[in-house]
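The next block holds one structure in the form of structure tokens; read it before the comments.
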Amino acid sequence: MNYKLQGLEIQSQLEMESLDNSSIHEFEDESLFPPEAEAQKTHSIQAVGECSFSRGSQANGDKVWRNICRSIKTVVFSTKLNLLMPFGPLAIFVYKLTGHNGWVFFFSLLGITPLAERLGYATEQLAFYTGATVGGLLNATFGNATELIISIYALKRGMLRVVQQSLLGSILSNMLLVLGCAFFSGGLVFHEKEQVFNKATAVVNSGLLLMAVMGLLFPAVLHYTHTEVHFGKSELALSRFSSCIMLLAYATYLFFQLKSQKNLYVPLNEEVSQNEENSDDDEAPEISKWESIIWLSIMTAWISILSEYLVNAIEGASVAWNLPVAFISVILLPIVGNAAEHASAIMFAMKDKLDISLGVAIGSSTQISMFGIPFCVVVGWIMGRPMDLNFQLFETATLFITVLVVAFMLQDGTSNYFKGLMLILCYLIVAASFFVHVDPSPADETQSKT
């Protein structure tokens with residue numbers, strides 16, 4: 001009897017459990033996963049994904065715009081010299097509206113000045129990411145890019161004397177005016193002592209400058225002594241050969257400076273090592289690598305556009321202002337490319353970092369004489385222009401005397417405000433000389449030979 005009761009109870013429990021399981025499955029099939037709920041669930045997941053994607057893309061877009069605004073603020077609005085940038089478009093507007101070459105030249109000159117400074121800034125920023133060797137090559141290439149761009153446009157127009165005189169003027173301006181102002185301003189700030197710099201840098205650069213003078217001197221002497229083997233051809237052939245040798249010498253100098261003997265170029269001033277925390281902040285890049293490349297391209301393109309207007313207006317400006325073309329080329333045009341060097345050299349000299357000031361002034365002169373001038377000769381060779389190293393006797397003698405004066409000033413490795421004043425006064429004499437100098441015409445040269 002008990003067994004029957006127990007069997008009935010077990011059977012009833014099994015039936016109840018089967019009923020519960022079937023009800024649970026029916027509940028799950030009918031209540032938890034109906035088609036409407038499944039569709040709503042899928043739609044909600046897609047909506048959340050799209051919302052997160054849109055928020056992410058919007059955040060990335062906002063980040064890109066913030067970086068663009070920061071880059072523009074850093075490059076364009078960080079220096080007062082950029083207030084001259086609107087003169088570039090103004091020069092184009094004046095040319096299209098009036099065609100007055102005097103004002104076109106003047107506005108182009110003002111417009112290119114801040115662009116040249118920003119071009120140097122972008123090059124320095126890019127050098128942070130490339131290392132010392134590539135950075136040195138970038139500085140050698142773009143350090144005087146403004147002068148080279150102007151020279152190439154002048155070469156295209158066949159204005160060979162403008163090319164020669166503008167490059168010569170950049171050398172004279174850096175060696176006399178820029179270096180003189182650096183010595184003078186630094187000497188006034190530190191008038192109780194003599195500032196010192198590394199003589200090794202000065203000696204090497206002075207040697208390269210004398211080599212450049214030798215490269216310019218022999219074609220001029222060959223021309224004026226009428227001792228050419230082939231009249232009109234030997235002078236040009238010698239210039240092209242000498243230019244290739246000078247480019248080789250400059251490439252060797254870069255290797256010597258950046259790889260072989262770079263310890264010789266360590267500054268003597270110990271202030272940088274004493275203020276490592278401040279120097280680390282100063283030497284940190286302000287823009288990214290790709291921003292540097294983009295700004296470098298923009299500045300180069302804009303300088304190229306304005307250089308064409310500048311070169312086309314030189315002769316008209318000479319007539320409108322009653323100024324010799326030689327004075328415009330040697331004195332006024334270098335203001336464009338040397339504005340940045342001028343400000344940098346003075347700033348570093350006033351901080352007692354004279355090695356940097358010397359590198360800015362003399363280094364730029366070395367780049368132009370050993371790279372810029374030979375490069376233009378080779379480019380003229382490719383263009384079919386008879387660009388040579390015969391800078392005429394007046395210009396060659398001026399460069400030779402300038403190199404000698406500066407070499408004597410640098411031989412003891414010290415500077416003061418009196419040395420700076422002497423260099424500035426020498427530059428005033430050079431400027432006055434070119435103000436009264438009339439460039440000989442080809443007809444005059446032919447008549448003098450006969």
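Residues in the structure tokens are numbered from 1 in each chain, the chains being A, B, ... in the order shown, and ligands are numbered from 1 in the order shown.
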
| query | Got a sec: who's within 6 Å of stretch 333-341 of chain A, counting only C-alpha atoms, leaving out chain neighbours fewer than 4 positions off, as a list of chain:residue names? | reply | A:Thr113, A:Ala116, A:Glu117, A:Thr146, A:Gly169, A:Ser170, A:Ser329, A:Ala345

Could I get the residues of stretch 268-382 of chain A with an atom no further than 10 Å from an atom of stretch 229-239 of chain A, each paired with its nearest atom pair and that distance in Å to one decimal, using only C-alpha atoms, sorted by chain and residue number, as CSV?
residue,atom,partner,partner_atom,distance
A:Pro374,CA,A:Ser239,CA,8.5
A:Val377,CA,A:Ser239,CA,7.7
A:Val378,CA,A:Ser239,CA,9.5
A:Trp381,CA,A:Leu236,CA,9.6

Residues of the last selection are to be written out with all heavy atoms, as a PDB file, in the first residue's frame.
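Once written, selection-v9.pdb looks like this:
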ATOM      1  N   PRO A 374      77.699  78.774 -57.017  1.00  0.00           N
ATOM      2  CA  PRO A 374      77.946  77.660 -57.953  1.00  0.00           C
ATOM      3  C   PRO A 374      76.663  76.967 -58.409  1.00  0.00           C
ATOM      4  O   PRO A 374      76.571  76.533 -59.564  1.00  0.00           O
ATOM      5  CB  PRO A 374      78.828  76.709 -57.130  1.00  0.00           C
ATOM      6  CG  PRO A 374      79.425  77.543 -56.073  1.00  0.00           C
ATOM      7  CD  PRO A 374      78.423  78.582 -55.748  1.00  0.00           C
ATOM      8  N   VAL A 377      75.237  78.887 -61.229  1.00  0.00           N
ATOM      9  CA  VAL A 377      76.007  78.667 -62.456  1.00  0.00           C
ATOM     10  C   VAL A 377      75.593  77.356 -63.116  1.00  0.00           C
ATOM     11  O   VAL A 377      75.395  77.289 -64.337  1.00  0.00           O
ATOM     12  CB  VAL A 377      77.523  78.671 -62.143  1.00  0.00           C
ATOM     13  CG1 VAL A 377      78.330  78.256 -63.377  1.00  0.00           C
ATOM     14  CG2 VAL A 377      77.964  80.057 -61.679  1.00  0.00           C
ATOM     15  N   VAL A 378      75.419  76.306 -62.307  1.00  0.00           N
ATOM     16  CA  VAL A 378      75.016  75.004 -62.853  1.00  0.00           C
ATOM     17  C   VAL A 378      73.587  75.071 -63.398  1.00  0.00           C
ATOM     18  O   VAL A 378      73.296  74.520 -64.469  1.00  0.00           O
ATOM     19  CB  VAL A 378      75.156  73.921 -61.772  1.00  0.00           C
ATOM     20  CG1 VAL A 378      74.596  72.591 -62.276  1.00  0.00           C
ATOM     21  CG2 VAL A 378      76.613  73.755 -61.357  1.00  0.00           C
ATOM     22  N   TRP A 381      73.654  76.788 -66.602  1.00  0.00           N
ATOM     23  CA  TRP A 381      74.196  75.848 -67.591  1.00  0.00           C
ATOM     24  C   TRP A 381      73.081  74.955 -68.132  1.00  0.00           C
ATOM     25  O   TRP A 381      72.971  74.723 -69.339  1.00  0.00           O
ATOM     26  CB  TRP A 381      75.288  75.030 -66.922  1.00  0.00           C
ATOM     27  CG  TRP A 381      76.102  74.160 -67.823  1.00  0.00           C
ATOM     28  CD1 TRP A 381      76.000  74.049 -69.185  1.00  0.00           C
ATOM     29  CD2 TRP A 381      77.157  73.291 -67.423  1.00  0.00           C
ATOM     30  NE1 TRP A 381      76.933  73.162 -69.657  1.00  0.00           N
ATOM     31  CE2 TRP A 381      77.661  72.673 -68.599  1.00  0.00           C
ATOM     32  CE3 TRP A 381      77.738  72.976 -66.197  1.00  0.00           C
ATOM     33  CZ2 TRP A 381      78.705  71.755 -68.553  1.00  0.00           C
ATOM     34  CZ3 TRP A 381      78.780  72.061 -66.159  1.00  0.00           C
ATOM     35  CH2 TRP A 381      79.257  71.469 -67.336  1.00  0.00           C
TER      36      TRP A 381
END

| Pick from A:Asn205, A:Thr398, A:Asn174, A:Ser365, whichever lies nearest to A:Ile346 using only C-alpha atoms |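 For A:Ile346, the nearest of the candidates is A:Asn174.
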
| Skipping near chain neighbours, those fewer than 5 positions away, what residues fall within 9 Å of A:Val76 using only C-alpha atoms, listed as an NGL selection string? | :A and (71 or 82 or 118)

| task | May I have the residues within 12 Å of A:Ala249 as a list in words, using only C-alpha atoms and disregarding those fewer than 2 positions away in the same chain? | result |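 Counting only the stated atoms, we get Val204, Asn205, Gly207, Leu208, Leu209, Met211, Ala212, Gly215, Ser242, Ser243, Cys244, Ile245, Met246, Leu247, Ala251, Thr252, Tyr253, Leu254, Phe255, Phe256, Thr366, Gln367, Ser369, Met370, Phe371 and Pro374 of chain A.
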
| Do you know which residues are at most 10 Å from A:Leu410 counting only C-alpha atoms, after dropping those on the same chain fewer than 4 positions away, and could you put them as a list in words? | Phe197, Asn198, Lys199, Thr201, Ala202, Val203, Ser206, Leu358, Val405, Val406, Thr414, Ser415 and Lys419 of chain A

| query | What does the distance between atom CA of A:Ser433 and atom CA of A:Met159 come to in Å, to one decimal place? | reply |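 Distance between the two atoms: 21.5 Å.
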
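Picture a line from atom CA of A:Leu115 to atom CA of A:Leu167; it runs 18.5 Å.
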
| query | In Å, with one decimal, what is the gap from atom CA of A:Gly413 to atom CA of A:Ile362? | reply | 13.6 Å

| Near-A:Pro89 list (12 Å; only C-alpha atoms; drop same-chain fewer than 5 positions) as a list in words |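 Counting only C-alpha atoms, the residues come to Leu84, Val94, Tyr95, Lys96, Val104, Phe107, Ser108, Leu109, Leu110, Gly111, Ile112, Trp302, Ile303, Ile305, Leu306 and Tyr309 of chain A.
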